[in-house]
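Peer 1: Got target_28.tsv for you, TSV, C-alpha atoms:
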```tsv
chain	number	residue	atom	x	y	z
E	821	MET	CA	46.64	-76.53	-98.62
E	822	THR	CA	45.52	-80.12	-97.97
E	823	GLN	CA	41.79	-80.73	-97.67
E	824	LYS	CA	40.95	-82.23	-94.29
E	825	THR	CA	37.87	-84.29	-93.53
E	826	TYR	CA	36.18	-84.31	-90.15
E	827	PRO	CA	33.47	-86.95	-89.68
E	828	ILE	CA	30.54	-86.24	-87.37
E	829	GLU	CA	30.45	-88.81	-84.57
E	830	PHE	CA	27.71	-89.77	-82.16
E	831	THR	CA	29.16	-91.43	-79.07
E	832	GLY	CA	26.04	-91.94	-76.96
E	833	GLY	CA	24.93	-95.42	-75.92
E	834	ALA	CA	21.37	-96.76	-75.85
E	835	TRP	CA	21.59	-97.97	-72.23
E	836	GLU	CA	22.84	-94.60	-71.01
E	837	TYR	CA	20.01	-92.80	-72.79
E	838	PHE	CA	17.47	-95.37	-71.55
E	839	LYS	CA	18.26	-94.39	-67.95
E	840	ILE	CA	17.75	-90.69	-68.77
E	841	TYR	CA	14.57	-91.49	-70.70
E	842	LEU	CA	13.15	-93.61	-67.85
E	843	VAL	CA	13.79	-90.92	-65.21
E	844	ASN	CA	12.30	-88.28	-67.51
E	845	MET	CA	9.15	-90.35	-68.04
E	846	VAL	CA	8.67	-91.11	-64.33
E	847	PHE	CA	9.08	-87.50	-63.20
E	848	THR	CA	6.95	-86.17	-66.05
E	849	VAL	CA	4.09	-88.46	-65.02
E	850	LEU	CA	4.49	-87.72	-61.31
E	851	THR	CA	4.43	-83.95	-61.94
E	852	LEU	CA	1.50	-84.15	-64.40
E	853	GLY	CA	3.71	-83.00	-67.27
E	854	ILE	CA	5.46	-80.09	-65.57
E	855	TYR	CA	8.83	-81.89	-65.58
E	856	SER	CA	8.66	-82.32	-69.38
E	857	ALA	CA	10.52	-79.02	-69.83
E	858	TRP	CA	13.38	-80.26	-67.65
E	859	ALA	CA	13.21	-83.61	-69.47
E	860	LYS	CA	13.62	-81.93	-72.85
E	861	VAL	CA	16.67	-79.96	-71.69
E	862	ARG	CA	18.29	-83.10	-70.21
E	863	THR	CA	17.67	-84.99	-73.44
E	864	GLU	CA	18.93	-82.22	-75.73
E	865	ARG	CA	22.06	-81.67	-73.66
E	866	TRP	CA	22.80	-85.40	-73.72
E	867	PHE	CA	22.37	-85.72	-77.50
E	868	HIS	CA	24.27	-82.50	-78.23
E	869	GLY	CA	27.07	-83.47	-75.84
E	870	HIS	CA	27.51	-86.86	-77.51
E	871	THR	CA	27.60	-85.38	-81.01
E	872	ARG	CA	31.24	-84.62	-81.78
E	873	LEU	CA	33.14	-82.91	-84.56
E	874	ASP	CA	36.94	-83.07	-84.59
E	875	GLY	CA	36.76	-84.52	-81.08
E	876	GLN	CA	34.81	-81.54	-79.72
E	877	PRO	CA	31.18	-81.84	-78.56
E	878	PHE	CA	28.27	-79.58	-79.36
E	879	SER	CA	26.46	-77.87	-76.47
E	880	TYR	CA	22.83	-77.03	-75.75
E	881	HIS	CA	22.18	-73.92	-73.64
E	882	ALA	CA	18.41	-73.62	-73.19
E	883	THR	CA	17.18	-73.58	-69.60
E	884	PRO	CA	14.16	-75.55	-68.36
E	885	MET	CA	12.31	-72.34	-67.48
E	886	GLN	CA	12.61	-71.08	-71.07
E	887	ILE	CA	11.03	-74.29	-72.31
E	888	PHE	CA	8.45	-74.31	-69.49
E	889	LYS	CA	7.17	-70.81	-70.30
E	890	GLY	CA	6.77	-71.72	-73.95
E	891	ARG	CA	4.90	-74.91	-73.08
E	892	MET	CA	2.57	-73.12	-70.72
E	893	LEU	CA	1.53	-70.82	-73.53
E	894	VAL	CA	0.99	-73.81	-75.82
E	895	VAL	CA	-1.17	-75.49	-73.16
E	896	ALA	CA	-3.18	-72.29	-72.70
E	897	LEU	CA	-3.79	-71.98	-76.45
E	898	MET	CA	-4.81	-75.62	-76.73
E	899	LEU	CA	-7.20	-75.20	-73.79
E	900	ILE	CA	-8.74	-72.14	-75.42
E	901	TYR	CA	-9.15	-74.08	-78.67
E	902	VAL	CA	-10.87	-77.01	-76.89
E	903	LEU	CA	-13.26	-74.65	-75.12
E	904	LEU	CA	-14.06	-72.73	-78.30
E	905	ASN	CA	-14.56	-75.97	-80.23
E	906	SER	CA	-17.01	-77.17	-77.57
E	907	PHE	CA	-19.03	-73.99	-77.12
E	908	VAL	CA	-18.33	-71.71	-80.13
E	909	PRO	CA	-17.11	-73.94	-83.01
E	910	PHE	CA	-17.01	-71.05	-85.46
E	911	LEU	CA	-14.43	-69.22	-83.33
E	912	SER	CA	-12.28	-72.38	-83.08
E	913	ILE	CA	-12.06	-72.42	-86.89
E	914	ILE	CA	-10.99	-68.77	-86.85
E	915	MET	CA	-8.35	-69.65	-84.25
E	916	LEU	CA	-6.94	-72.40	-86.50
E	917	LEU	CA	-6.80	-69.94	-89.39
E	918	LEU	CA	-4.94	-67.44	-87.21
E	919	ILE	CA	-2.44	-70.14	-86.23
E	920	PHE	CA	-1.93	-70.95	-89.92
E	921	VAL	CA	-1.31	-67.27	-90.67
E	922	ALA	CA	1.17	-67.21	-87.77
E	923	THR	CA	3.16	-70.16	-89.23
E	924	PRO	CA	5.96	-67.95	-90.68
E	925	TRP	CA	6.51	-66.34	-87.27
E	926	LEU	CA	6.53	-69.78	-85.59
E	927	VAL	CA	9.13	-71.05	-88.07
E	928	VAL	CA	11.45	-68.05	-87.70
E	929	SER	CA	11.12	-68.02	-83.91
E	930	SER	CA	11.85	-71.72	-83.66
E	931	LEU	CA	14.91	-71.51	-85.92
E	932	ARG	CA	16.26	-68.50	-84.02
E	933	PHE	CA	15.81	-70.18	-80.66
E	934	ASN	CA	17.31	-73.54	-81.64
E	935	ALA	CA	20.29	-71.88	-83.33
E	936	ALA	CA	20.99	-69.51	-80.42
E	937	MET	CA	20.82	-72.41	-77.93
E	938	THR	CA	23.43	-74.45	-79.84
E	939	SER	CA	27.18	-73.93	-79.72
E	940	TYR	CA	30.40	-75.60	-80.83
E	941	ARG	CA	33.84	-74.78	-79.40
E	942	GLY	CA	32.24	-72.03	-77.32
E	943	LEU	CA	30.71	-70.21	-80.32
E	944	ARG	CA	26.96	-69.92	-80.75
E	945	PHE	CA	24.99	-70.48	-83.92
E	946	SER	CA	22.44	-67.91	-85.04
E	947	PHE	CA	19.63	-67.58	-87.54
E	948	LYS	CA	19.21	-64.30	-89.44
E	949	GLY	CA	16.12	-65.02	-91.55
E	950	THR	CA	13.42	-62.36	-91.74
E	951	LEU	CA	9.69	-62.66	-91.21
E	952	GLU	CA	9.04	-61.03	-94.59
E	953	GLU	CA	10.83	-63.83	-96.47
E	954	ALA	CA	9.19	-66.47	-94.29
E	955	LEU	CA	5.74	-65.07	-95.17
E	956	VAL	CA	6.37	-65.90	-98.82
E	957	ILE	CA	7.89	-69.35	-98.21
E	958	TYR	CA	5.65	-70.65	-95.43
E	959	LEU	CA	2.37	-68.89	-96.20
E	960	ALA	CA	2.02	-67.68	-99.79
E	961	LEU	CA	3.68	-70.63	-101.56
E	962	PRO	CA	1.83	-73.37	-99.56
E	963	ILE	CA	-1.49	-71.71	-100.45
E	964	ALA	CA	-0.58	-72.27	-104.10
E	965	ILE	CA	-0.18	-76.07	-103.68
E	966	PRO	CA	-3.80	-77.05	-104.51
E	967	PHE	CA	-4.01	-74.49	-107.34
E	968	THR	CA	-0.90	-75.96	-109.01
E	969	LEU	CA	-1.99	-79.58	-108.34
E	970	GLY	CA	1.13	-79.99	-106.21
E	971	LEU	CA	3.53	-79.07	-109.02
E	972	ILE	CA	4.94	-76.26	-106.89
E	973	LEU	CA	6.19	-78.70	-104.20
E	974	PRO	CA	9.76	-79.06	-105.60
E	975	TYR	CA	10.18	-75.29	-105.74
E	976	LEU	CA	8.63	-74.88	-102.29
E	977	THR	CA	11.02	-77.45	-100.80
E	978	TYR	CA	13.97	-75.75	-102.50
E	979	ARG	CA	12.98	-72.33	-101.14
E	980	GLN	CA	12.55	-73.72	-97.62
E	981	VAL	CA	15.97	-75.40	-97.69
E	982	ARG	CA	17.63	-72.27	-99.07
E	983	PHE	CA	15.88	-70.09	-96.49
E	984	VAL	CA	17.02	-72.23	-93.55
E	985	VAL	CA	20.60	-72.79	-94.74
E	986	SER	CA	21.52	-69.38	-96.17
E	987	ASN	CA	20.33	-67.58	-93.03
E	988	MET	CA	22.29	-69.78	-90.63
E	989	ALA	CA	25.51	-68.45	-89.13
E	990	TYR	CA	28.24	-69.81	-86.88
E	991	GLY	CA	30.07	-67.14	-84.96
E	992	ASN	CA	30.52	-64.28	-87.43
E	993	VAL	CA	30.40	-66.45	-90.58
E	994	GLN	CA	27.12	-66.85	-92.44
E	995	ALA	CA	26.38	-69.96	-94.48
E	996	THR	CA	25.73	-69.92	-98.22
E	997	TYR	CA	23.68	-72.30	-100.34
E	998	ASP	CA	24.48	-72.89	-104.03
E	999	GLY	CA	21.84	-75.52	-104.86
E	1000	ASN	CA	19.10	-75.01	-107.46
E	1001	ALA	CA	15.43	-75.91	-107.84
E	1002	LYS	CA	16.11	-78.33	-110.71
E	1003	SER	CA	17.61	-80.93	-108.37
E	1004	PHE	CA	14.45	-80.90	-106.24
E	1005	VAL	CA	12.30	-81.45	-109.34
E	1006	GLY	CA	14.26	-84.67	-109.90
E	1007	ILE	CA	13.40	-85.88	-106.40
E	1008	TYR	CA	9.66	-85.46	-106.89
E	1009	LEU	CA	9.75	-87.02	-110.37
E	1010	LYS	CA	11.25	-90.15	-108.81
E	1011	VAL	CA	8.56	-90.10	-106.12
E	1012	MET	CA	5.93	-90.00	-108.86
E	1013	ALA	CA	7.59	-93.05	-110.42
E	1014	ILE	CA	7.49	-94.84	-107.05
E	1015	PHE	CA	3.74	-94.25	-106.82
E	1016	ALA	CA	3.13	-95.41	-110.39
E	1017	VAL	CA	3.07	-99.07	-109.27
E	1018	PRO	CA	0.41	-98.80	-106.52
E	1019	LEU	CA	-1.68	-96.43	-108.65
E	1020	GLY	CA	-1.53	-98.98	-111.45
E	1021	LEU	CA	-2.62	-101.72	-109.05
E	1022	LEU	CA	-5.52	-99.60	-107.84
E	1023	ALA	CA	-6.56	-99.06	-111.46
E	1024	LEU	CA	-6.36	-102.82	-111.92
E	1025	CYS	CA	-8.62	-103.20	-108.88
E	1026	ALA	CA	-11.22	-101.00	-110.52
E	1027	TYR	CA	-11.05	-103.10	-113.68
E	1028	ILE	CA	-11.36	-106.38	-111.75
E	1029	LEU	CA	-14.30	-104.96	-109.81
E	1030	SER	CA	-16.17	-104.51	-113.05
E	1031	GLU	CA	-15.20	-107.92	-114.50
E	1032	ASN	CA	-14.84	-110.42	-111.64
E	1033	THR	CA	-15.91	-109.76	-108.06
E	1034	ALA	CA	-14.24	-112.96	-106.76
E	1035	PHE	CA	-10.78	-111.38	-106.69
E	1036	VAL	CA	-11.78	-107.88	-105.57
E	1037	ALA	CA	-10.76	-108.28	-101.89
E	1038	VAL	CA	-7.34	-109.68	-102.83
E	1039	ALA	CA	-6.71	-107.01	-105.45
E	1040	VAL	CA	-7.82	-104.15	-103.21
E	1041	GLY	CA	-5.76	-105.47	-100.30
E	1042	LEU	CA	-2.68	-105.79	-102.49
E	1043	GLY	CA	-3.18	-102.32	-103.92
E	1044	VAL	CA	-3.55	-100.71	-100.49
E	1045	ALA	CA	-0.52	-102.58	-99.11
E	1046	VAL	CA	1.66	-101.51	-102.03
E	1047	PHE	CA	0.36	-97.94	-101.71
E	1048	TYR	CA	1.44	-97.71	-98.04
E	1049	ALA	CA	4.77	-99.32	-98.91
E	1050	ALA	CA	5.23	-96.64	-101.58
E	1051	MET	CA	4.48	-93.96	-98.97
E	1052	LEU	CA	7.22	-95.37	-96.70
E	1053	VAL	CA	9.73	-95.62	-99.54
E	1054	SER	CA	8.94	-92.14	-100.87
E	1055	SER	CA	9.09	-90.46	-97.44
E	1056	ALA	CA	12.47	-92.06	-96.73
E	1057	TYR	CA	13.71	-91.15	-100.20
E	1058	ILE	CA	12.59	-87.52	-99.87
E	1059	ALA	CA	14.14	-87.24	-96.38
E	1060	SER	CA	17.52	-88.62	-97.47
E	1061	ALA	CA	17.64	-86.86	-100.85
E	1062	VAL	CA	16.66	-83.45	-99.43
E	1063	ARG	CA	19.15	-83.81	-96.59
E	1064	ASN	CA	21.92	-84.66	-99.06
E	1065	LEU	CA	21.03	-81.70	-101.28
E	1066	LYS	CA	20.89	-79.45	-98.22
E	1067	PHE	CA	24.37	-80.26	-96.95
E	1068	ASN	CA	26.20	-81.00	-100.22
E	1069	HIS	CA	25.46	-77.48	-101.50
E	1070	THR	CA	26.19	-75.66	-98.24
E	1071	SER	CA	29.37	-73.83	-97.32
E	1072	LEU	CA	30.35	-72.01	-94.15
E	1073	GLY	CA	33.30	-69.86	-95.13
E	1074	PRO	CA	35.99	-72.37	-96.26
E	1075	VAL	CA	34.04	-75.28	-94.76
E	1076	ARG	CA	32.00	-77.63	-96.94
E	1077	PHE	CA	29.79	-80.60	-96.04
E	1078	GLN	CA	29.32	-84.05	-97.54
E	1079	SER	CA	26.14	-86.00	-96.80
E	1080	THR	CA	25.75	-89.60	-98.03
E	1081	GLN	CA	22.46	-90.70	-96.50
E	1082	LYS	CA	20.84	-93.65	-98.29
E	1083	ALA	CA	17.08	-94.10	-98.65
E	1084	LEU	CA	17.19	-97.92	-98.44
E	1085	THR	CA	19.21	-97.81	-95.22
E	1086	LEU	CA	16.80	-95.26	-93.79
E	1087	ILE	CA	13.83	-97.47	-94.73
E	1088	GLY	CA	15.46	-100.42	-92.97
E	1089	LEU	CA	16.00	-98.32	-89.86
E	1090	TYR	CA	12.41	-97.04	-89.90
E	1091	ILE	CA	10.97	-100.56	-90.20
E	1092	THR	CA	13.20	-102.30	-87.66
E	1093	ASN	CA	12.88	-99.40	-85.19
E	1094	ALA	CA	9.07	-99.41	-85.50
E	1095	LEU	CA	8.93	-103.18	-84.98
E	1096	ALA	CA	11.30	-103.03	-81.99
E	1097	VAL	CA	9.39	-100.20	-80.31
E	1098	GLY	CA	6.02	-101.82	-81.01
E	1099	PHE	CA	6.87	-105.32	-79.78
E	1100	SER	CA	8.66	-103.93	-76.70
E	1101	LEU	CA	5.65	-101.70	-75.85
E	1102	GLY	CA	7.89	-98.63	-76.15
E	1103	LEU	CA	10.77	-99.85	-73.98
E	1104	LEU	CA	13.16	-99.92	-76.94
E	1105	TYR	CA	12.38	-96.33	-78.00
E	1106	PRO	CA	15.73	-95.06	-76.59
E	1107	TRP	CA	17.58	-97.75	-78.53
E	1108	ALA	CA	15.72	-96.81	-81.72
E	1109	LYS	CA	16.38	-93.09	-81.31
E	1110	VAL	CA	20.09	-93.59	-80.58
E	1111	ARG	CA	20.37	-95.95	-83.54
E	1112	LEU	CA	18.81	-93.44	-85.93
E	1113	THR	CA	20.87	-90.54	-84.55
E	1114	ARG	CA	24.09	-92.53	-84.90
E	1115	TYR	CA	23.30	-93.34	-88.53
E	1116	LYS	CA	22.52	-89.71	-89.40
E	1117	ALA	CA	25.79	-88.59	-87.81
E	1118	SER	CA	27.80	-91.28	-89.62
E	1119	THR	CA	26.60	-90.05	-93.02
E	1120	LEU	CA	27.81	-86.47	-92.56
E	1121	VAL	CA	31.39	-85.27	-93.06
E	1122	VAL	CA	32.85	-81.76	-92.72
E	1123	GLU	CA	35.58	-80.75	-95.20
E	1124	SER	CA	37.96	-77.82	-94.77
E	1125	GLU	CA	41.47	-76.74	-95.72
E	1126	GLN	CA	41.70	-74.72	-92.51
E	1127	ASP	CA	41.47	-75.63	-88.86
E	1128	LEU	CA	37.93	-75.62	-87.47
E	1129	GLY	CA	39.04	-73.37	-84.64
E	1130	MET	CA	39.50	-70.43	-87.04
E	1131	PHE	CA	36.01	-69.02	-86.46
E	1132	THR	CA	35.45	-66.03	-84.22
E	1133	GLY	CA	32.30	-65.20	-82.36
E	1134	GLU	CA	29.78	-62.45	-82.00
E	1135	LEU	CA	27.11	-61.71	-79.41
E	1136	VAL	CA	23.99	-63.80	-80.01
E	1137	ARG	CA	20.82	-62.44	-78.47
E	1138	THR	CA	18.82	-64.96	-76.46
E	1139	HIS	CA	15.35	-65.71	-77.83
E	1140	GLY	CA	12.36	-67.15	-76.03
E	1141	ALA	CA	11.21	-70.72	-76.56
E	1142	VAL	CA	7.59	-69.83	-77.35
E	1143	GLY	CA	7.96	-70.18	-81.11
E	1144	ASP	CA	9.91	-73.41	-80.75
E	1145	GLU	CA	7.29	-75.02	-78.50
E	1146	LEU	CA	4.43	-73.87	-80.70
E	1147	ALA	CA	6.21	-75.26	-83.77
E	1148	ASP	CA	6.59	-78.59	-81.97
E	1149	ALA	CA	2.95	-78.57	-80.91
E	1150	PHE	CA	1.74	-78.09	-84.48
E	1151	ASP	CA	4.34	-80.49	-85.93
E	1152	LEU	CA	6.12	-77.94	-88.08
E	1153	ASP	CA	9.30	-79.37	-89.60
E	1154	VAL	CA	11.79	-76.57	-89.00
E	1155	SER	CA	14.82	-78.49	-87.81
E	1156	LEU	CA	18.30	-77.15	-88.49
E	1157	VAL	CA	19.62	-80.52	-89.72
```
Could I get this structure in the form of structure tokens?
Peer 2:
Amino acid sequence: MTQKTYPIEFTGGAWEYFKIYLVNMVFTVLTLGIYSAWAKVRTERWFHGHTRLDGQPFSYHATPMQIFKGRMLVVALMLIYVLLNSFVPFLSIIMLLLIFVATPWLVVSSLRFNAAMTSYRGLRFSFKGTLEEALVIYLALPIAIPFTLGLILPYLTYRQVRFVVSNMAYGNVQATYDGNAKSFVGIYLKVMAIFAVPLGLLALCAYILSENTAFVAVAVGLGVAVFYAAMLVSSAYIASAVRNLKFNHTSLGPVRFQSTQKALTLIGLYITNALAVGFSLGLLYPWAKVRLTRYKASTLVVESEQDLGMFTGELVRTHGAVGDELADAFDLDVSLV
């Protein structure tokens, strides 16, 4: 059978999204934030609907009330935290610890909700990961980071990727992941090499400080600038390399994926998008988001010897949006892609 390739396409335009974004912003402000749930659903449906595979769009099925209920709980928890921090600081620290302990549940809930709310060709996605496995990956292993001086990070990233991918299902077919931890070690070794230059410059600053104070300001400024540049380069490299490892070792039945995201291209997008948004006082945010989404879609290809309509479905139970909203509130990176 001949191997067929199906590129992912994003067909949305910046001007079209700008109009949605502007309406969302106006109504969110006028309703003191209440409309934000409806705004999120409008935005997700637009982006899903303009993401196409083999000419067919993806769909987003969450309702505004699902999102609204989750956000109300988040607001209530944040209000409780502010009050505790103002009047009983000790209890606010305990609350933060409880939220940290709840991280595995937040991750699993968010992944289940986002998967169940997404469909392609009428079939829903689902996430079958268990809380027990999440406790190890998102609680026990992160605790070990300082005790291993960060050396556990490659293995932690590998376990997180494997957990997300291997528990994802489309219809009645569950994904498999055949990657290994060794590839992730290579990513972090390259990141260490990237930081070798700014760390060397900072060491040079310390030497100059002891020998000649006239050049201290210049040396320190250069060292700090290079350090932040290294942070940008390393974050873009990790994002692109991990994404490529995630998809290039994933299979969904007879379907394989090919991701070719480039770190340098991603860096260019980050910089130009940040400059455009900053100089436009935020008006070009829709353009920046569409631009980044289009690039991510263009670097992903689906490969299969069989027609993509071969999958059959199963009943996917609807999950609440509480975990998803809490994960967003505490900036937990638990995205499906």
Peer 1: Kindly indicate which residue among E:Phe1067, E:Tyr1105, E:Tyr1115, E:Phe830 lies nearest to E:Leu1089, using only C-alpha atoms for the distances.
Peer 2: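 Answer, going by the shortest atom-to-atom distance: E:Tyr1115.
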Peer 1: For E:Val927, which of E:Pro877, E:Gly949, E:Pro884, E:Gly1129 is the closest residue, counting all atoms listed in the file?
Peer 2: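 Of all the options, E:Gly949 lies closest to E:Val927.
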Peer 1: Go through stretch 893-1001 of chain E and flag each residue having an atom no more than 12 Å from stretch 853-874 of chain E; for those, report the closest pair of atoms plus their distance in Å to one decimal, using all atoms listed in the file, ordered by chain and rising number, as a Markdown table.
Peer 2:
```
| residue | atom | partner | partner_atom | distance |
| --- | --- | --- | --- | --- |
| E:Val895 | CA | E:Gly853 | CA | 10.7 |
| E:Asn934 | CA | E:Glu864 | CA | 10.6 |
| E:Met937 | CA | E:Glu864 | CA | 10.2 |
| E:Thr938 | CA | E:His868 | CA | 8.3 |
| E:Ser939 | CA | E:His868 | CA | 9.2 |
| E:Tyr940 | CA | E:Leu873 | CA | 8.7 |
| E:Arg941 | CA | E:Leu873 | CA | 9.7 |
```
Peer 1: In terms of the shortest atom-to-atom distance over only C-alpha atoms, which of E:Trp925, E:Phe1004, E:Phe920, E:Phe878 is closest to E:Tyr978?
Peer 2: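 Among E:Trp925, E:Phe1004, E:Phe920, E:Phe878, it is E:Phe1004 that comes nearest to E:Tyr978.
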Peer 1: Rank nothing, just name the residue among E:Gly970, E:Pro924, E:Gly875, E:Pro909 nearest to E:Met1012, using all atoms listed in the file.
Peer 2: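 Using all atoms listed in the file, E:Met1012 sits closest to E:Gly970.
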Peer 1: For stretch 1053-1058 of chain E, work out the shell of residues within 7 Å, counting all atoms listed in the file and skipping chain neighbours fewer than 3 positions away, then give it as a ChimeraX atom specification.
Peer 2: /E:1007,1011,1014,1049-1050,1061-1062,1083,1086-1087
Peer 1: For stretch 984-994 of chain E, find every residue with an atom within 7 Å (counting only C-alpha atoms), except residues of its own chain fewer than 3 positions away, and show them as a tab-separated table (two decimals) with C-alpha atoms, in the coordinates of the input.
Peer 2:
```
chain	number	residue	atom	x	y	z
E	943	LEU	CA	30.71	-70.21	-80.32
E	944	ARG	CA	26.96	-69.92	-80.75
E	945	PHE	CA	24.99	-70.48	-83.92
E	946	SER	CA	22.44	-67.91	-85.04
E	947	PHE	CA	19.63	-67.58	-87.54
E	948	LYS	CA	19.21	-64.30	-89.44
E	949	GLY	CA	16.12	-65.02	-91.55
E	980	GLN	CA	12.55	-73.72	-97.62
E	981	VAL	CA	15.97	-75.40	-97.69
E	997	TYR	CA	23.68	-72.30	-100.34
E	1072	LEU	CA	30.35	-72.01	-94.15
E	1073	GLY	CA	33.30	-69.86	-95.13
E	1131	PHE	CA	36.01	-69.02	-86.46
E	1132	THR	CA	35.45	-66.03	-84.22
E	1133	GLY	CA	32.30	-65.20	-82.36
E	1134	GLU	CA	29.78	-62.45	-82.00
```
Peer 1: For the atom pair atom CA of E:Gly942 and atom CA of E:Pro1074, what is the interatomic distance in Å to one decimal place?
Peer 2: 19.3 Å
Peer 1: Please enclose the listed atoms of stretch 918-927 of chain E in an axis-aligned box, pad each side by 6 Å, and write out the centre and the three edge lengths in Å, rounded to one decimal, as AutoDock Vina command-line options.
Peer 2:
```
--center_x 2.1 --center_y -68.7 --center_z -88.1 --size_x 26.1 --size_y 16.7 --size_z 17.1
```
Peer 1: For each of E:Leu1120, E:Ala1108, E:Leu1052, E:Val1097, take the minimum atom-to-atom distance to E:Gly833, counting only C-alpha atoms, then give the residue where this is smallest.
Peer 2: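 Closest candidate: E:Ala1108.
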Peer 1: For atom CA of E:Phe1015 and atom CA of E:Val1046, determine how far apart the two atoms are, in Å to one decimal place.
Peer 2: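 Taking atom CA of E:Phe1015 as the start and atom CA of E:Val1046 as the end point, the length is 8.9 Å.
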Peer 1: Hey, can you check how far atom CA of E:Val902 sits from atom CA of E:Leu916?
Peer 2: 11.4 Å
Peer 1: Need the shell around E:Tyr837: protein/DNA/RNA residues with any atom at most 8 Å away, counting all atoms listed in the file. Skip same-chain ones fewer than 4 positions apart. Format as a PyMOL selection string?
Peer 2: chain E and resi 832-833+841+866+1106-1107+1110
Peer 1: E:Ala1045, E:Ile919, E:Leu1103, E:Leu852: which is nearest E:Lys839, counting only C-alpha atoms?
Peer 2: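 That would be E:Leu1103, the residue with the smallest distance to E:Lys839.
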Peer 1: Considering all atoms listed in the file, return as a ChimeraX atom specification whatever protein or nucleic-acid residues lie within 10 Å of E:Asn1000, sequence-local ones (same chain, fewer than 5 positions apart) excluded.
Peer 2: /E:975,978-979,982,1005,1065,1069
